[in-house]
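> Dropping the structure in here first, questions after.
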Amino acid sequence: MKCSDLHSGLLRHSVTFREKVLSKDAAGGINGSQAITVATVRAKVIPVGSRESYKYGKLNATVSHVIYCRFRDDVKADMTVVYGGRELQIRGVLDLEEKHRWLEITCEDGVAT
């Protein structure tokens, strides 16, 4: 998709970008990770494919999505996206046409984070 194909009227979904941060306990040790909300934005979400695999005696299903939103410099590939009550793992972030106007974010649902 090109920048000229996108406009604000297409942004009909609400998505939340979350980042996992390590928290420390009182003794300075690592207590675990928690997800903090970075931003909630309007976006266009398109499911683009799905696949199933049989691994370790278990059937695993993943669904791929492409998300388009206005450019943000704080979205990274190690973050997650909450959309429709599901947590999607970001696989790639692309600045469309390097114009700092739109992001194309590829995500997967049903994968380990």
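Naming scheme: A, B, ... for chains in displayed order of the structure tokens; residues 1 onward per chain; ligands 1 onward as shown.
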Which residues are close to Ser50 in chain A, i.e. within 12 Å by only C-alpha atoms, leaving aside same-chain residues fewer than 4 positions away? Reply as a list of chain:residue names.

A:Asn60, A:Ala61, A:Thr62, A:Val63, A:Ser64, A:His65, A:Cys107, A:Glu108, A:Asp109, A:Gly110, A:Val111

> Restricting the output to N, CA and C atoms, write the selected residues as a PDB file, in the first residue's frame.


ATOM      1  N   ASN A  60      -0.993 -25.837  16.618  1.00  0.00           N
ATOM      2  CA  ASN A  60      -0.827 -24.403  16.835  1.00  0.00           C
ATOM      3  C   ASN A  60      -1.380 -23.656  15.629  1.00  0.00           C
ATOM      4  N   ALA A  61      -2.156 -22.620  15.894  1.00  0.00           N
ATOM      5  CA  ALA A  61      -2.716 -21.796  14.817  1.00  0.00           C
ATOM      6  C   ALA A  61      -2.230 -20.365  14.991  1.00  0.00           C
ATOM      7  N   THR A  62      -1.793 -19.748  13.903  1.00  0.00           N
ATOM      8  CA  THR A  62      -1.390 -18.351  13.929  1.00  0.00           C
ATOM      9  C   THR A  62      -2.144 -17.604  12.838  1.00  0.00           C
ATOM     10  N   VAL A  63      -2.467 -16.362  13.121  1.00  0.00           N
ATOM     11  CA  VAL A  63      -3.145 -15.496  12.166  1.00  0.00           C
ATOM     12  C   VAL A  63      -2.281 -14.264  11.984  1.00  0.00           C
ATOM     13  N   SER A  64      -2.008 -13.906  10.736  1.00  0.00           N
ATOM     14  CA  SER A  64      -1.190 -12.728  10.435  1.00  0.00           C
ATOM     15  C   SER A  64      -2.086 -11.530  10.152  1.00  0.00           C
ATOM     16  N   HIS A  65      -1.650 -10.370  10.610  1.00  0.00           N
ATOM     17  CA  HIS A  65      -2.379  -9.120  10.391  1.00  0.00           C
ATOM     18  C   HIS A  65      -1.409  -8.049   9.895  1.00  0.00           C
ATOM     19  N   CYS A 107       1.953  -8.204  12.143  1.00  0.00           N
ATOM     20  CA  CYS A 107       1.757  -8.838  13.453  1.00  0.00           C
ATOM     21  C   CYS A 107       1.280 -10.256  13.275  1.00  0.00           C
ATOM     22  N   GLU A 108       1.415 -11.038  14.336  1.00  0.00           N
ATOM     23  CA  GLU A 108       0.871 -12.391  14.373  1.00  0.00           C
ATOM     24  C   GLU A 108       0.142 -12.605  15.684  1.00  0.00           C
ATOM     25  N   ASP A 109      -0.971 -13.318  15.586  1.00  0.00           N
ATOM     26  CA  ASP A 109      -1.774 -13.710  16.744  1.00  0.00           C
ATOM     27  C   ASP A 109      -1.573 -15.210  16.962  1.00  0.00           C
ATOM     28  N   GLY A 110      -1.467 -15.619  18.209  1.00  0.00           N
ATOM     29  CA  GLY A 110      -1.335 -17.040  18.499  1.00  0.00           C
ATOM     30  C   GLY A 110       0.089 -17.540  18.535  1.00  0.00           C
ATOM     31  N   VAL A 111       1.049 -16.634  18.733  1.00  0.00           N
ATOM     32  CA  VAL A 111       2.459 -17.028  18.834  1.00  0.00           C
ATOM     33  C   VAL A 111       2.966 -16.668  20.212  1.00  0.00           C
TER      34      VAL A 111
END

> As a PyMOL selection string, list the residues of chain A assigned to strand (DSSP E or B) by DSSP on the backbone atoms of this structure.

chain A and resi 13-24+30-55+58-70+80-83+86-95+102-109

> I'd like the neighbourhood of range 67-69 of chain A as a PDB file with C-alpha atoms, in the first residue's frame, where a residue qualifies if any of its atoms comes within 9 Å (using only C-alpha atoms), though same-chain residues fewer than 4 positions away should be ignored.


ATOM      1  CA  LEU A   6      -4.312   5.911   3.075  1.00  0.00           C
ATOM      2  CA  SER A   8      -7.934   9.122   8.167  1.00  0.00           C
ATOM      3  CA  LEU A  11      -8.743   4.279  10.569  1.00  0.00           C
ATOM      4  CA  VAL A  41      -4.396   4.957  18.378  1.00  0.00           C
ATOM      5  CA  ARG A  42      -6.839   4.616  15.506  1.00  0.00           C
ATOM      6  CA  ALA A  43      -5.723   2.184  12.816  1.00  0.00           C
ATOM      7  CA  LYS A  44      -6.727   0.065   9.852  1.00  0.00           C
ATOM      8  CA  VAL A  45      -6.369  -3.646  10.685  1.00  0.00           C
ATOM      9  CA  ILE A  46      -6.350  -6.245   7.909  1.00  0.00           C
ATOM     10  CA  PRO A  47      -6.103 -10.004   8.545  1.00  0.00           C
ATOM     11  CA  ARG A 101       3.407   9.799   7.621  1.00  0.00           C
ATOM     12  CA  TRP A 102       2.215   6.173   7.946  1.00  0.00           C
ATOM     13  CA  LEU A 103       3.419   2.937   9.533  1.00  0.00           C
ATOM     14  CA  GLU A 104       2.813  -0.547   8.177  1.00  0.00           C
ATOM     15  CA  ILE A 105       3.027  -3.006  11.059  1.00  0.00           C
ATOM     16  CA  THR A 106       3.019  -6.761  10.519  1.00  0.00           C
ATOM     17  CA  CYS A 107       1.757  -8.838  13.453  1.00  0.00           C
TER      18      CYS A 107
END

> Taking only C-alpha atoms into account, name the residue in A:Phe17, A:Lys55, A:Ala27, A:His100 that is nearest to Lys76 in chain A.

A:Phe17

> Compile the contact shell of Lys24 in chain A as a ChimeraX atom specification: residues with an atom at most 12 Å away, counting only C-alpha atoms, same-chain residues fewer than 5 positions apart removed.

/A:29-34

> For each of A:Val48, A:Arg72, A:Ala77, A:Asp95, take the minimum atom-to-atom distance to Glu19 in chain A, counting only C-alpha atoms, then give the residue where this is smallest.

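Residue with the minimum atom-to-atom distance to Glu19 in chain A: A:Ala77.
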